[in-house]
Every structure is written in C-alpha cells, then in structure tokens.
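All remarks here apply to the structure that follows.
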Amino acid sequence: MARLAGIELGGTKCIAVLGEGERIAERRVFPTTTPEEALAAALAAITDWDKAAPVAAIGIASFGPVRVDPRAEDYGTILDTPKPGWARAKLLDMVRAQFGCPLMLDTDVNAAALAEYEHGAARGCSTMVYLTIGTGLGGGVLVNGQPVHGRLHPEIGHLRLRRADGDGFGGACPFHGDCIEGLIAGPALHARLPVEPGLLDPTAPEWDPVGHDLAELVAFLVLTLSPQRIVIGGGVANRQPHLIERARRIVPSLLAGYLGPKETLQLDRVICPPALGDDAGPVGALELAGRALLACTAGK
Ligand code: ZN
C-alpha cells in the first residue's frame with residue numbers, strides 16, 4: 001500500500017497528513033504564517049514520515065487564487081492575493097526542491113470536492129460542487145470526477161448576488177464589498193453579527209440575511225450547473241449547521257417552482273454537509289497525491 005502525503009494550505013492553518021490507503025495515519029497542524037515558514041513546517045513533517053518509510057507522492061491543496069494548470073510555467077504559484085507575503089509564492093517549486101516524487105497541486109476546494117466525490121457525500125455524482133465557508137468562501141466544481149479549471153479556476157466566492165430585502169450591510173470583501181464571501185465568510189459575520197457567531201442563538205433573527213445570502217448562492221449554482229450535490233463545509237458552515245437548514249428552506253422560494261415539485265423536493269438531498277467534516281480538505285490533498293502517483297505510473 002503506497003504511503004501518500006498531503007498538505008492543505010488554508011487561510012489560517014496548514015495541515016500536513018500522512019495517508020495509508022484511505023486512512024489519515026498521521027497529521028500535524030501549523031499556523032499559516034509566511035509561505036517559507038508554513039511550507040518548511042509541513043515539509044519537515046513529511047521528511048520525518050519519509051525517513052520511516054518512503055512517501056510515494058505528495059498532493060498540495062491550496063487556497064487561491066493559484067495556478068493549477070500543470071502545463072503553465074507558473075504551475076503551483078499563488079497569484080495576486082491580499083494575504084501578506086503570499087503573492088507569487090512558488091508552492092510547488094518549494095516542495096519539488098526537497099522531494100523528487102510525483103506531485104499534484106489544486107485548490108483546497110477542488111481537493112475537498114475530490115474527497116467527497118471519492119469517499120463522502122458526493123459518491124456517484126457526475127456534477128458536484130464543494131463550498132467552503134470559513135476565513136473566505138470558495139467553491140470547487142467536479143464534472144465526472146475531474147476538477148473544473150478553465151482559464152484559472154472558478155471563483156465562486158466573489159459572485160455578487162441578489163441581496164435580502166432591507167439588508168444594508170456593506171460587505172467585507174476588500175475587492176467587491178458585498179460579494180458572497182463579503183457577506184457570509186468569517187470576517188463578514190464578525191462585522192455583521194452583534195456577537196461572535198458561536199455565541200449567537202441559531203434561531204436569532206440576525207442569522208436571517210445570512211441564511212438568505214447562502215440560499216441565493218445555492219439557487220444560483222442549482223440553476224447554473226444542475227449539480228446532484230452541493231456539499232457545504234468549512235469552519236463557519238461546520239459549526240453553524242442551521243445555515244444549511246436555512247438554505248434548504250429558502251431555496252425553493254427563490255426558485256419559485258421553476259424546477260417543478262420533484263426537483264424541489266430533492267433539494268434536501270442536494271444541499272448537504274460534508275460526510276468527511278473538517279477532514280474533506282486533508283483527505284482531498286491525499287487524493288491529489290494518489291492521482292499524481294497514478295498519472296506517473298500511467299505515463300511510464
Ligand atoms: Zn469579493
């Protein structure tokens with residue numbers, strides 16, 4: 001059984017994992033400080049595991065925007081980001097400088113989507129979306145088990161959608177103000193809720209516009225991609241499960257019967273939490289490692 005390693009680079013923390021088969025055998029967690037520090041800590045963990053028994057491939061699941069096209073000269077490089085010190089960080093090159101094994105890099109959300117497709121809530125789904133609502137809001141799209149990249153990769157978090165009636169919150173995105181990330185990701189909740197999200201009663205009316213905004217996003221994705229699953233994870237969503245309930249309740253009214261009663265009834269199945277919980281990202285990084293190994297074996 002191949003030993004695979006994965007690195008999930010998130011907005012606030014970085015997780016290195018060792019996988020044996022489908023199981024996470026070991027993990028280490030570090031703060032996402034500078035690229036040099038965070039990568040050095042993750043690579044030190046993988047070096048330890050590699051010494052015990054060789055690691056066959058490494059997958060990297062990174063926050064974006066990041067170049068995910070393996071044919072591009074800057075494959076594996078973070079693009080322009082407001083995150084201090086991270087713009088133009090050459091993630092893949094830093095890993096490649098220490099490890100000669102097969103590597104694959106994709107977005108954190110595409111990786112989490114792969115994990116849910118292979119092992120979780122989206123098994124057997126030809127089209128699925130994985131949303132993460134945490135420090136930021138990102139969305140990965142899988143069609144027939146392949147991540148959608150296009151020119152860069154989807155940037156679902158920066159869609160601007162119809163606002164709830166009477167909601168005057170200006171939004172927290174440094175680029176767009178009230179894009180969906182600017183309305184419902186962690187910093188937005190800190191700005192718009194009267195107390196910490198964890199301290200606010202799930203039935204409080206202050207959650208109403210947040211639930212509406214998430215429902216607008218889900219309705220948009222249902223109409224655009226016709227997915228069999230929209231898996232909604234990330235720190236905010238995993239700790240506020242009532243948001244998924246709210247989305248399930250509100251989306252039918254936004255669709256206004258357009259898809260018919262049968263499709264509307266199935267929305268409860270379409271909109272779901274990740275079966276893998278917080279592990280969707282790290283398991284996804286291991287999936288990327290598995291695919292890197294497979295591609296290398298097939299190419300020989
Ligand atoms: Zn934005």
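Every chain in the structure tokens takes a letter, A first, then B, and so on in the order presented; its residues are numbered from 1, and the ligands are numbered from 1 following the presented order.
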Which residues of region 233-292 of chain A have any atom within 6 Å of an atom in region 127-146 of chain A when counting only C-alpha atoms, and what is the closest pair of atoms for each, with the distance in Å to one decimal? Order the rows by chain and rising number and write it as JSON lines.
```
{"residue": "A:Gly233", "atom": "CA", "partner": "A:Thr132", "partner_atom": "CA", "distance": 4.7}
{"residue": "A:Gly234", "atom": "CA", "partner": "A:Thr132", "partner_atom": "CA", "distance": 4.4}
{"residue": "A:Gly235", "atom": "CA", "partner": "A:Gly134", "partner_atom": "CA", "distance": 4.8}
{"residue": "A:Val236", "atom": "CA", "partner": "A:Gly134", "partner_atom": "CA", "distance": 5.0}
{"residue": "A:Ala237", "atom": "CA", "partner": "A:Ile133", "partner_atom": "CA", "distance": 5.8}
```
Please write out the residues within 8 Å of ligand 1 as a ChimeraX atom specification, counting only C-alpha atoms and all ligand atoms. /A:157-160,173-182
What does the file look like for those residues with N, CA, C and O atoms, as a JSON list (two decimals), in the first residue's frame?
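New file out.json:
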```
[["chain", "number", "residue", "atom", "x", "y", "z"],
["A", 157, "GLY", "N", -16.68, 32.36, -4.76],
["A", 157, "GLY", "CA", -16.81, 33.22, -3.58],
["A", 157, "GLY", "C", -17.03, 34.68, -3.91],
["A", 157, "GLY", "O", -17.50, 35.44, -3.07],
["A", 158, "HIS", "N", -16.67, 35.07, -5.14],
["A", 158, "HIS", "CA", -16.76, 36.50, -5.45],
["A", 158, "HIS", "C", -17.95, 36.84, -6.35],
["A", 158, "HIS", "O", -17.99, 37.93, -6.95],
["A", 159, "LEU", "N", -18.90, 35.91, -6.44],
["A", 159, "LEU", "CA", -20.15, 36.24, -7.14],
["A", 159, "LEU", "C", -20.90, 37.30, -6.37],
["A", 159, "LEU", "O", -20.90, 37.31, -5.14],
["A", 160, "ARG", "N", -21.55, 38.19, -7.10],
["A", 160, "ARG", "CA", -22.43, 39.18, -6.45],
["A", 160, "ARG", "C", -23.86, 38.79, -6.77],
["A", 160, "ARG", "O", -24.24, 38.68, -7.93],
["A", 173, "CYS", "N", -15.65, 42.15, 1.67],
["A", 173, "CYS", "CA", -14.61, 41.75, 0.71],
["A", 173, "CYS", "C", -13.79, 42.99, 0.32],
["A", 173, "CYS", "O", -14.36, 44.01, -0.05],
["A", 174, "PRO", "N", -12.44, 42.91, 0.42],
["A", 174, "PRO", "CA", -11.63, 44.08, 0.06],
["A", 174, "PRO", "C", -11.72, 44.45, -1.41],
["A", 174, "PRO", "O", -11.42, 45.58, -1.80],
["A", 175, "PHE", "N", -12.16, 43.50, -2.26],
["A", 175, "PHE", "CA", -12.27, 43.79, -3.69],
["A", 175, "PHE", "C", -13.67, 44.29, -4.05],
["A", 175, "PHE", "O", -13.84, 45.21, -4.84],
["A", 176, "HIS", "N", -14.71, 43.61, -3.54],
["A", 176, "HIS", "CA", -16.07, 43.85, -4.03],
["A", 176, "HIS", "C", -17.06, 44.28, -2.97],
["A", 176, "HIS", "O", -18.22, 44.51, -3.29],
["A", 177, "GLY", "N", -16.66, 44.37, -1.73],
["A", 177, "GLY", "CA", -17.65, 44.69, -0.69],
["A", 177, "GLY", "C", -18.62, 43.54, -0.50],
["A", 177, "GLY", "O", -18.29, 42.55, 0.18],
["A", 178, "ASP", "N", -19.79, 43.62, -1.15],
["A", 178, "ASP", "CA", -20.85, 42.66, -0.84],
["A", 178, "ASP", "C", -20.94, 41.49, -1.82],
["A", 178, "ASP", "O", -22.03, 41.06, -2.17],
["A", 179, "CYS", "N", -19.78, 40.96, -2.29],
["A", 179, "CYS", "CA", -19.85, 39.67, -2.97],
["A", 179, "CYS", "C", -20.21, 38.63, -1.90],
["A", 179, "CYS", "O", -20.25, 38.95, -0.70],
["A", 180, "ILE", "N", -20.45, 37.38, -2.30],
["A", 180, "ILE", "CA", -20.96, 36.39, -1.33],
["A", 180, "ILE", "C", -19.93, 36.12, -0.22],
["A", 180, "ILE", "O", -20.30, 35.96, 0.95],
["A", 181, "GLU", "N", -18.64, 36.12, -0.56],
["A", 181, "GLU", "CA", -17.62, 35.98, 0.51],
["A", 181, "GLU", "C", -17.70, 37.16, 1.48],
["A", 181, "GLU", "O", -17.58, 37.00, 2.69],
["A", 182, "GLY", "N", -17.92, 38.34, 0.92],
["A", 182, "GLY", "CA", -18.01, 39.55, 1.72],
["A", 182, "GLY", "C", -19.26, 39.61, 2.59],
["A", 182, "GLY", "O", -19.38, 40.47, 3.46]]
```
Run DSSP on the backbone and grab whatever in region 150-296 of chain A lands in alpha helix (DSSP H); send it over as a PyMOL selection string. chain A and resi 180-184+186-192+208-225+235-239+242-255+260-265+267-270+280-296
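Considering only C-alpha atoms, the residue among A:Glu245, A:Asp213, A:Glu8, A:Asp93 positioned nearest to Gly64 (chain A) is A:Glu8.
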For Asp48 (chain A), which residue among A:Asp201, A:Asp69, A:Glu20, A:Glu26 is the nearest when counting only C-alpha atoms?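 Once distances to Asp48 (chain A) are computed over only C-alpha atoms, the minimum belongs to A:Glu26.
Assigned to strand (DSSP E or B) in region 208-298 of chain A, given DSSP computed from backbone atoms, are Arg229, Ile230, Val231, Ile232, Gly233, Ile271 and Cys272 of chain A.
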Mind dumping the selected residues with N, CA, C and O atoms as an mmCIF file, in the first residue's frame?
```
data_model
loop_
_atom_site.group_PDB
_atom_site.id
_atom_site.type_symbol
_atom_site.label_atom_id
_atom_site.label_comp_id
_atom_site.auth_asym_id
_atom_site.auth_seq_id
_atom_site.Cartn_x
_atom_site.Cartn_y
_atom_site.Cartn_z
ATOM 1 N N ARG A 229 -25.078 17.254 -6.111
ATOM 2 C CA ARG A 229 -24.778 17.606 -4.726
ATOM 3 C C ARG A 229 -24.123 18.982 -4.657
ATOM 4 O O ARG A 229 -23.281 19.315 -5.505
ATOM 5 N N ILE A 230 -24.512 19.727 -3.642
ATOM 6 C CA ILE A 230 -23.757 20.920 -3.246
ATOM 7 C C ILE A 230 -23.372 20.669 -1.790
ATOM 8 O O ILE A 230 -24.213 20.710 -0.899
ATOM 9 N N VAL A 231 -22.107 20.310 -1.592
ATOM 10 C CA VAL A 231 -21.620 19.984 -0.250
ATOM 11 C C VAL A 231 -21.087 21.281 0.365
ATOM 12 O O VAL A 231 -20.254 21.959 -0.235
ATOM 13 N N ILE A 232 -21.604 21.621 1.542
ATOM 14 C CA ILE A 232 -21.234 22.907 2.158
ATOM 15 C C ILE A 232 -20.459 22.654 3.448
ATOM 16 O O ILE A 232 -21.019 22.181 4.439
ATOM 17 N N GLY A 233 -19.143 22.904 3.399
ATOM 18 C CA GLY A 233 -18.286 22.690 4.562
ATOM 19 C C GLY A 233 -17.523 23.947 4.938
ATOM 20 O O GLY A 233 -17.929 25.063 4.591
ATOM 21 N N ILE A 271 -28.445 19.605 -1.145
ATOM 22 C CA ILE A 271 -27.697 20.518 -0.257
ATOM 23 C C ILE A 271 -27.337 19.750 1.008
ATOM 24 O O ILE A 271 -28.217 19.366 1.777
ATOM 25 N N CYS A 272 -26.043 19.504 1.233
ATOM 26 C CA CYS A 272 -25.696 18.667 2.388
ATOM 27 C C CYS A 272 -24.348 19.056 2.977
ATOM 28 O O CYS A 272 -23.536 19.704 2.322
#
```
Could you pull the residues within 6 Å of Gly6 (chain A), counting only C-alpha atoms, minus those fewer than 5 positions along the same chain, as a PyMOL selection string? chain A and resi 16-17+58-60+285-286
Would you output that residue set with all heavy atoms, as an mmCIF file, in the first residue's frame?
```cif
data_model
loop_
_atom_site.group_PDB
_atom_site.id
_atom_site.type_symbol
_atom_site.label_atom_id
_atom_site.label_comp_id
_atom_site.auth_asym_id
_atom_site.auth_seq_id
_atom_site.Cartn_x
_atom_site.Cartn_y
_atom_site.Cartn_z
ATOM 1 N N ALA A 16 -0.532 19.069 7.503
ATOM 2 C CA ALA A 16 0.214 18.042 6.766
ATOM 3 C C ALA A 16 -0.307 16.691 7.229
ATOM 4 O O ALA A 16 -0.513 16.486 8.432
ATOM 5 C CB ALA A 16 1.704 18.165 7.057
ATOM 6 N N VAL A 17 -0.569 15.802 6.281
ATOM 7 C CA VAL A 17 -1.092 14.480 6.650
ATOM 8 C C VAL A 17 -0.312 13.381 5.938
ATOM 9 O O VAL A 17 0.186 13.561 4.829
ATOM 10 C CB VAL A 17 -2.601 14.317 6.298
ATOM 11 C CG1 VAL A 17 -3.464 15.110 7.255
ATOM 12 C CG2 VAL A 17 -2.899 14.700 4.864
ATOM 13 N N ILE A 58 3.048 13.337 -3.273
ATOM 14 C CA ILE A 58 2.552 14.402 -2.392
ATOM 15 C C ILE A 58 1.488 15.219 -3.135
ATOM 16 O O ILE A 58 1.683 15.603 -4.293
ATOM 17 C CB ILE A 58 3.702 15.342 -1.944
ATOM 18 C CG1 ILE A 58 4.801 14.547 -1.230
ATOM 19 C CG2 ILE A 58 3.178 16.454 -1.029
ATOM 20 C CD1 ILE A 58 6.068 15.352 -0.934
ATOM 21 N N GLY A 59 0.383 15.470 -2.467
ATOM 22 C CA GLY A 59 -0.654 16.336 -3.015
ATOM 23 C C GLY A 59 -0.727 17.621 -2.211
ATOM 24 O O GLY A 59 -0.574 17.599 -0.989
ATOM 25 N N ILE A 60 -0.922 18.728 -2.911
ATOM 26 C CA ILE A 60 -1.000 20.030 -2.230
ATOM 27 C C ILE A 60 -2.341 20.668 -2.569
ATOM 28 O O ILE A 60 -2.670 20.846 -3.746
ATOM 29 C CB ILE A 60 0.152 20.968 -2.658
ATOM 30 C CG1 ILE A 60 1.494 20.287 -2.392
ATOM 31 C CG2 ILE A 60 0.082 22.307 -1.925
ATOM 32 C CD1 ILE A 60 2.386 20.200 -3.584
ATOM 33 N N ALA A 285 -6.225 16.408 -0.229
ATOM 34 C CA ALA A 285 -4.795 16.533 -0.554
ATOM 35 C C ALA A 285 -4.206 15.147 -0.815
ATOM 36 O O ALA A 285 -3.390 14.957 -1.723
ATOM 37 C CB ALA A 285 -4.060 17.241 0.574
ATOM 38 N N LEU A 286 -4.639 14.149 -0.033
ATOM 39 C CA LEU A 286 -4.175 12.773 -0.264
ATOM 40 C C LEU A 286 -4.711 12.238 -1.594
ATOM 41 O O LEU A 286 -4.020 11.491 -2.296
ATOM 42 C CB LEU A 286 -4.611 11.858 0.887
ATOM 43 C CG LEU A 286 -3.956 12.136 2.243
ATOM 44 C CD1 LEU A 286 -4.566 11.239 3.326
ATOM 45 C CD2 LEU A 286 -2.442 11.917 2.159
#
```
All residues 12 Å or closer to Thr77 (chain A), only C-alpha atoms, same chain fewer than 4 positions away omitted, as a compact mmCIF listing (two decimals) with all heavy atoms, in the first residue's frame:
```txt
# COMPACT_ATOMS: atom_id res chain seq x y z
N PRO A 35 4.83 31.89 3.65
CA PRO A 35 4.96 30.67 2.83
C PRO A 35 6.18 29.86 3.26
O PRO A 35 6.11 28.63 3.34
CB PRO A 35 5.12 31.20 1.41
CG PRO A 35 4.70 32.61 1.42
CD PRO A 35 4.78 33.10 2.83
N ILE A 60 -0.92 18.73 -2.91
CA ILE A 60 -1.00 20.03 -2.23
C ILE A 60 -2.34 20.67 -2.57
O ILE A 60 -2.67 20.85 -3.75
CB ILE A 60 0.15 20.97 -2.66
CG1 ILE A 60 1.49 20.29 -2.39
CG2 ILE A 60 0.08 22.31 -1.92
CD1 ILE A 60 2.39 20.20 -3.58
N SER A 62 -4.34 24.05 -1.99
CA SER A 62 -4.01 25.41 -1.54
C SER A 62 -5.18 26.37 -1.69
O SER A 62 -5.99 26.22 -2.61
CB SER A 62 -2.84 25.95 -2.37
OG SER A 62 -2.60 27.31 -2.06
N PHE A 63 -5.20 27.36 -0.81
CA PHE A 63 -6.14 28.45 -1.04
C PHE A 63 -5.74 29.16 -2.33
O PHE A 63 -4.61 29.00 -2.81
CB PHE A 63 -6.19 29.40 0.17
CG PHE A 63 -4.91 30.15 0.44
CD1 PHE A 63 -4.62 31.34 -0.22
CD2 PHE A 63 -3.99 29.67 1.35
CE1 PHE A 63 -3.45 32.04 0.03
CE2 PHE A 63 -2.80 30.36 1.61
CZ PHE A 63 -2.54 31.54 0.95
N GLY A 64 -6.61 29.94 -2.91
CA GLY A 64 -6.33 30.59 -4.18
C GLY A 64 -6.32 32.10 -4.04
O GLY A 64 -6.43 32.62 -2.92
N PRO A 65 -6.16 32.80 -5.16
CA PRO A 65 -6.00 32.22 -6.49
C PRO A 65 -4.61 31.61 -6.68
O PRO A 65 -3.62 32.17 -6.22
CB PRO A 65 -6.21 33.42 -7.43
CG PRO A 65 -5.87 34.62 -6.62
CD PRO A 65 -6.19 34.28 -5.19
N VAL A 66 -4.58 30.46 -7.34
CA VAL A 66 -3.32 29.74 -7.53
C VAL A 66 -3.36 29.07 -8.92
O VAL A 66 -4.43 28.69 -9.39
CB VAL A 66 -3.14 28.68 -6.41
CG1 VAL A 66 -4.26 27.67 -6.38
CG2 VAL A 66 -1.80 27.97 -6.50
N ARG A 67 -2.21 29.01 -9.57
CA ARG A 67 -2.17 28.42 -10.92
C ARG A 67 -2.24 26.89 -10.78
O ARG A 67 -1.36 26.29 -10.17
CB ARG A 67 -0.87 28.82 -11.63
CG ARG A 67 -0.84 28.39 -13.08
CD ARG A 67 -1.72 29.23 -13.99
NE ARG A 67 -1.19 30.57 -14.10
CZ ARG A 67 -1.91 31.63 -14.51
NH1 ARG A 67 -3.17 31.49 -14.85
NH2 ARG A 67 -1.35 32.82 -14.59
N VAL A 68 -3.28 26.30 -11.36
CA VAL A 68 -3.47 24.85 -11.20
C VAL A 68 -3.27 24.09 -12.52
O VAL A 68 -3.41 22.87 -12.55
CB VAL A 68 -4.88 24.54 -10.62
CG1 VAL A 68 -4.99 25.03 -9.18
CG2 VAL A 68 -5.99 25.14 -11.48
N ASP A 69 -2.93 24.81 -13.59
CA ASP A 69 -2.72 24.16 -14.88
C ASP A 69 -1.29 23.60 -14.93
O ASP A 69 -0.32 24.36 -14.95
CB ASP A 69 -2.93 25.19 -16.00
CG ASP A 69 -2.66 24.60 -17.38
OD1 ASP A 69 -2.33 23.39 -17.47
OD2 ASP A 69 -2.77 25.35 -18.37
N PRO A 70 -1.14 22.26 -14.97
CA PRO A 70 0.21 21.67 -14.95
C PRO A 70 1.06 22.09 -16.15
O PRO A 70 2.28 21.98 -16.11
CB PRO A 70 -0.05 20.15 -14.99
CG PRO A 70 -1.47 19.99 -14.60
CD PRO A 70 -2.19 21.23 -15.02
N ALA A 72 1.21 25.15 -17.34
CA ALA A 72 1.62 26.55 -17.22
C ALA A 72 3.01 26.66 -16.61
O ALA A 72 3.40 25.82 -15.79
CB ALA A 72 0.62 27.32 -16.35
N GLU A 73 3.76 27.68 -17.03
CA GLU A 73 5.12 27.88 -16.50
C GLU A 73 5.10 28.13 -14.99
O GLU A 73 6.01 27.73 -14.28
CB GLU A 73 5.76 29.09 -17.17
CG GLU A 73 6.69 28.71 -18.30
CD GLU A 73 7.37 29.93 -18.90
OE1 GLU A 73 7.60 30.91 -18.17
OE2 GLU A 73 7.63 29.87 -20.11
N THR A 81 -2.82 37.99 -4.20
CA THR A 81 -3.67 37.76 -3.05
C THR A 81 -3.42 38.87 -2.03
O THR A 81 -2.27 39.33 -1.90
CB THR A 81 -3.37 36.39 -2.39
OG1 THR A 81 -4.09 36.31 -1.15
CG2 THR A 81 -1.89 36.19 -2.10
N TRP A 86 2.16 36.29 0.55
CA TRP A 86 1.83 35.08 -0.21
C TRP A 86 1.74 35.29 -1.72
O TRP A 86 1.76 34.31 -2.47
CB TRP A 86 0.53 34.45 0.33
CG TRP A 86 0.77 33.74 1.62
CD1 TRP A 86 0.81 34.31 2.86
CD2 TRP A 86 1.06 32.34 1.80
NE1 TRP A 86 1.10 33.36 3.81
CE2 TRP A 86 1.26 32.13 3.19
CE3 TRP A 86 1.18 31.25 0.94
CZ2 TRP A 86 1.55 30.87 3.73
CZ3 TRP A 86 1.47 30.00 1.47
CH2 TRP A 86 1.66 29.83 2.84
N ALA A 87 1.62 36.53 -2.18
CA ALA A 87 1.51 36.76 -3.63
C ALA A 87 2.78 36.27 -4.31
O ALA A 87 3.89 36.58 -3.88
CB ALA A 87 1.27 38.24 -3.91
N ARG A 88 2.61 35.48 -5.37
CA ARG A 88 3.68 34.89 -6.19
C ARG A 88 4.50 33.84 -5.44
O ARG A 88 5.62 33.48 -5.88
CB ARG A 88 4.64 35.96 -6.75
CG ARG A 88 3.97 37.17 -7.41
CD ARG A 88 2.95 36.81 -8.46
NE ARG A 88 3.44 35.97 -9.53
CZ ARG A 88 2.70 35.52 -10.54
NH1 ARG A 88 1.42 35.82 -10.59
NH2 ARG A 88 3.20 34.74 -11.46
N ALA A 89 4.03 33.33 -4.33
CA ALA A 89 4.75 32.26 -3.63
C ALA A 89 4.72 30.99 -4.50
O ALA A 89 3.66 30.57 -4.95
CB ALA A 89 4.10 31.98 -2.28
N LYS A 90 5.91 30.43 -4.74
CA LYS A 90 6.02 29.27 -5.63
C LYS A 90 5.92 27.99 -4.80
O LYS A 90 6.92 27.34 -4.50
CB LYS A 90 7.34 29.33 -6.40
CG LYS A 90 7.45 30.54 -7.33
CD LYS A 90 8.82 30.57 -7.99
CE LYS A 90 9.03 31.82 -8.82
NZ LYS A 90 8.08 31.99 -9.91
N LEU A 91 4.69 27.61 -4.48
CA LEU A 91 4.46 26.49 -3.57
C LEU A 91 5.04 25.18 -4.11
O LEU A 91 5.77 24.47 -3.43
CB LEU A 91 2.96 26.30 -3.34
CG LEU A 91 2.18 27.52 -2.82
CD1 LEU A 91 0.72 27.16 -2.66
CD2 LEU A 91 2.76 27.97 -1.49
N LEU A 92 4.69 24.88 -5.36
CA LEU A 92 5.09 23.59 -5.91
C LEU A 92 6.62 23.50 -6.02
O LEU A 92 7.20 22.45 -5.72
CB LEU A 92 4.43 23.38 -7.28
CG LEU A 92 4.33 21.94 -7.72
CD1 LEU A 92 3.34 21.18 -6.85
CD2 LEU A 92 3.90 21.84 -9.18
N ASP A 93 7.26 24.60 -6.43
CA ASP A 93 8.72 24.60 -6.55
C ASP A 93 9.38 24.35 -5.19
O ASP A 93 10.41 23.68 -5.10
CB ASP A 93 9.22 25.94 -7.11
CG ASP A 93 8.92 26.08 -8.60
OD1 ASP A 93 8.40 25.10 -9.17
OD2 ASP A 93 9.17 27.16 -9.16
N MET A 94 8.76 24.90 -4.13
CA MET A 94 9.33 24.71 -2.79
C MET A 94 9.25 23.23 -2.37
O MET A 94 10.17 22.70 -1.73
CB MET A 94 8.60 25.60 -1.77
CG MET A 94 8.89 27.08 -1.98
SD MET A 94 7.66 28.17 -1.23
CE MET A 94 8.24 28.25 0.43
N VAL A 95 8.19 22.56 -2.75
CA VAL A 95 8.06 21.14 -2.43
C VAL A 95 9.00 20.33 -3.31
O VAL A 95 9.70 19.42 -2.84
CB VAL A 95 6.59 20.66 -2.60
CG1 VAL A 95 6.46 19.18 -2.28
CG2 VAL A 95 5.65 21.49 -1.73
N LEU A 105 -0.94 19.64 -7.52
CA LEU A 105 -1.48 20.76 -6.74
C LEU A 105 -2.81 21.20 -7.33
O LEU A 105 -2.98 21.26 -8.54
CB LEU A 105 -0.48 21.92 -6.75
CG LEU A 105 -0.90 23.19 -5.98
CD1 LEU A 105 0.32 23.84 -5.33
CD2 LEU A 105 -1.59 24.20 -6.90
N ASP A 106 -3.76 21.46 -6.47
CA ASP A 106 -5.04 22.02 -6.91
C ASP A 106 -5.55 22.94 -5.80
O ASP A 106 -4.91 23.08 -4.76
CB ASP A 106 -6.04 20.90 -7.24
CG ASP A 106 -6.99 21.32 -8.37
OD1 ASP A 106 -7.51 22.46 -8.32
OD2 ASP A 106 -7.21 20.52 -9.29
N THR A 107 -6.70 23.54 -6.03
CA THR A 107 -7.25 24.41 -4.99
C THR A 107 -7.73 23.56 -3.82
O THR A 107 -8.05 22.39 -3.96
CB THR A 107 -8.44 25.22 -5.53
OG1 THR A 107 -9.47 24.33 -5.93
CG2 THR A 107 -8.04 26.09 -6.70
N LEU A 152 -8.43 29.65 -15.14
CA LEU A 152 -7.71 29.67 -13.85
C LEU A 152 -8.35 28.61 -12.96
O LEU A 152 -7.88 27.49 -12.89
CB LEU A 152 -7.81 31.08 -13.22
CG LEU A 152 -7.17 31.24 -11.85
CD1 LEU A 152 -5.67 30.99 -11.90
CD2 LEU A 152 -7.46 32.63 -11.29
```
Shell of 10 Å around Glu118 (chain A), only C-alpha atoms, local chain residues under 3 positions omitted, as a list of chain:residue names: A:Glu22, A:Ala112, A:Ala113, A:Leu114, A:Ala115, A:Ala121, A:Ala122, A:Arg123, A:Gly124, A:Cys125, A:Gly145, A:Val283, A:Gly284, A:Glu287
Surrounding residues of Pro187 (chain A) excluding itself and chain neighbours under 2 positions, 7 Å, only C-alpha atoms, as a list of chain:residue names: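 Listing them by chain and then by number gives A:Thr135, A:Ala172, A:Ala185, A:Leu189, A:His190, A:Ala191.
Proximity ranking of A:Ser126, A:Gly290, A:Arg96, A:Pro154 relative to Leu43 (chain A) places A:Arg96 first, based on only C-alpha atoms.
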CA of Pro273 (chain A) and CA of Leu4 (chain A), how far apart in Å?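 Separation between CA of Leu4 (chain A) and CA of Pro273 (chain A): 26.0 Å.
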Work out how far CA of Ala57 (chain A) is from CA of Ala289 (chain A), in Å to one decimal.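 It comes out at 5.1 Å.
CA of Leu193 (chain A) is found 24.6 Å from CA of Phe220 (chain A).
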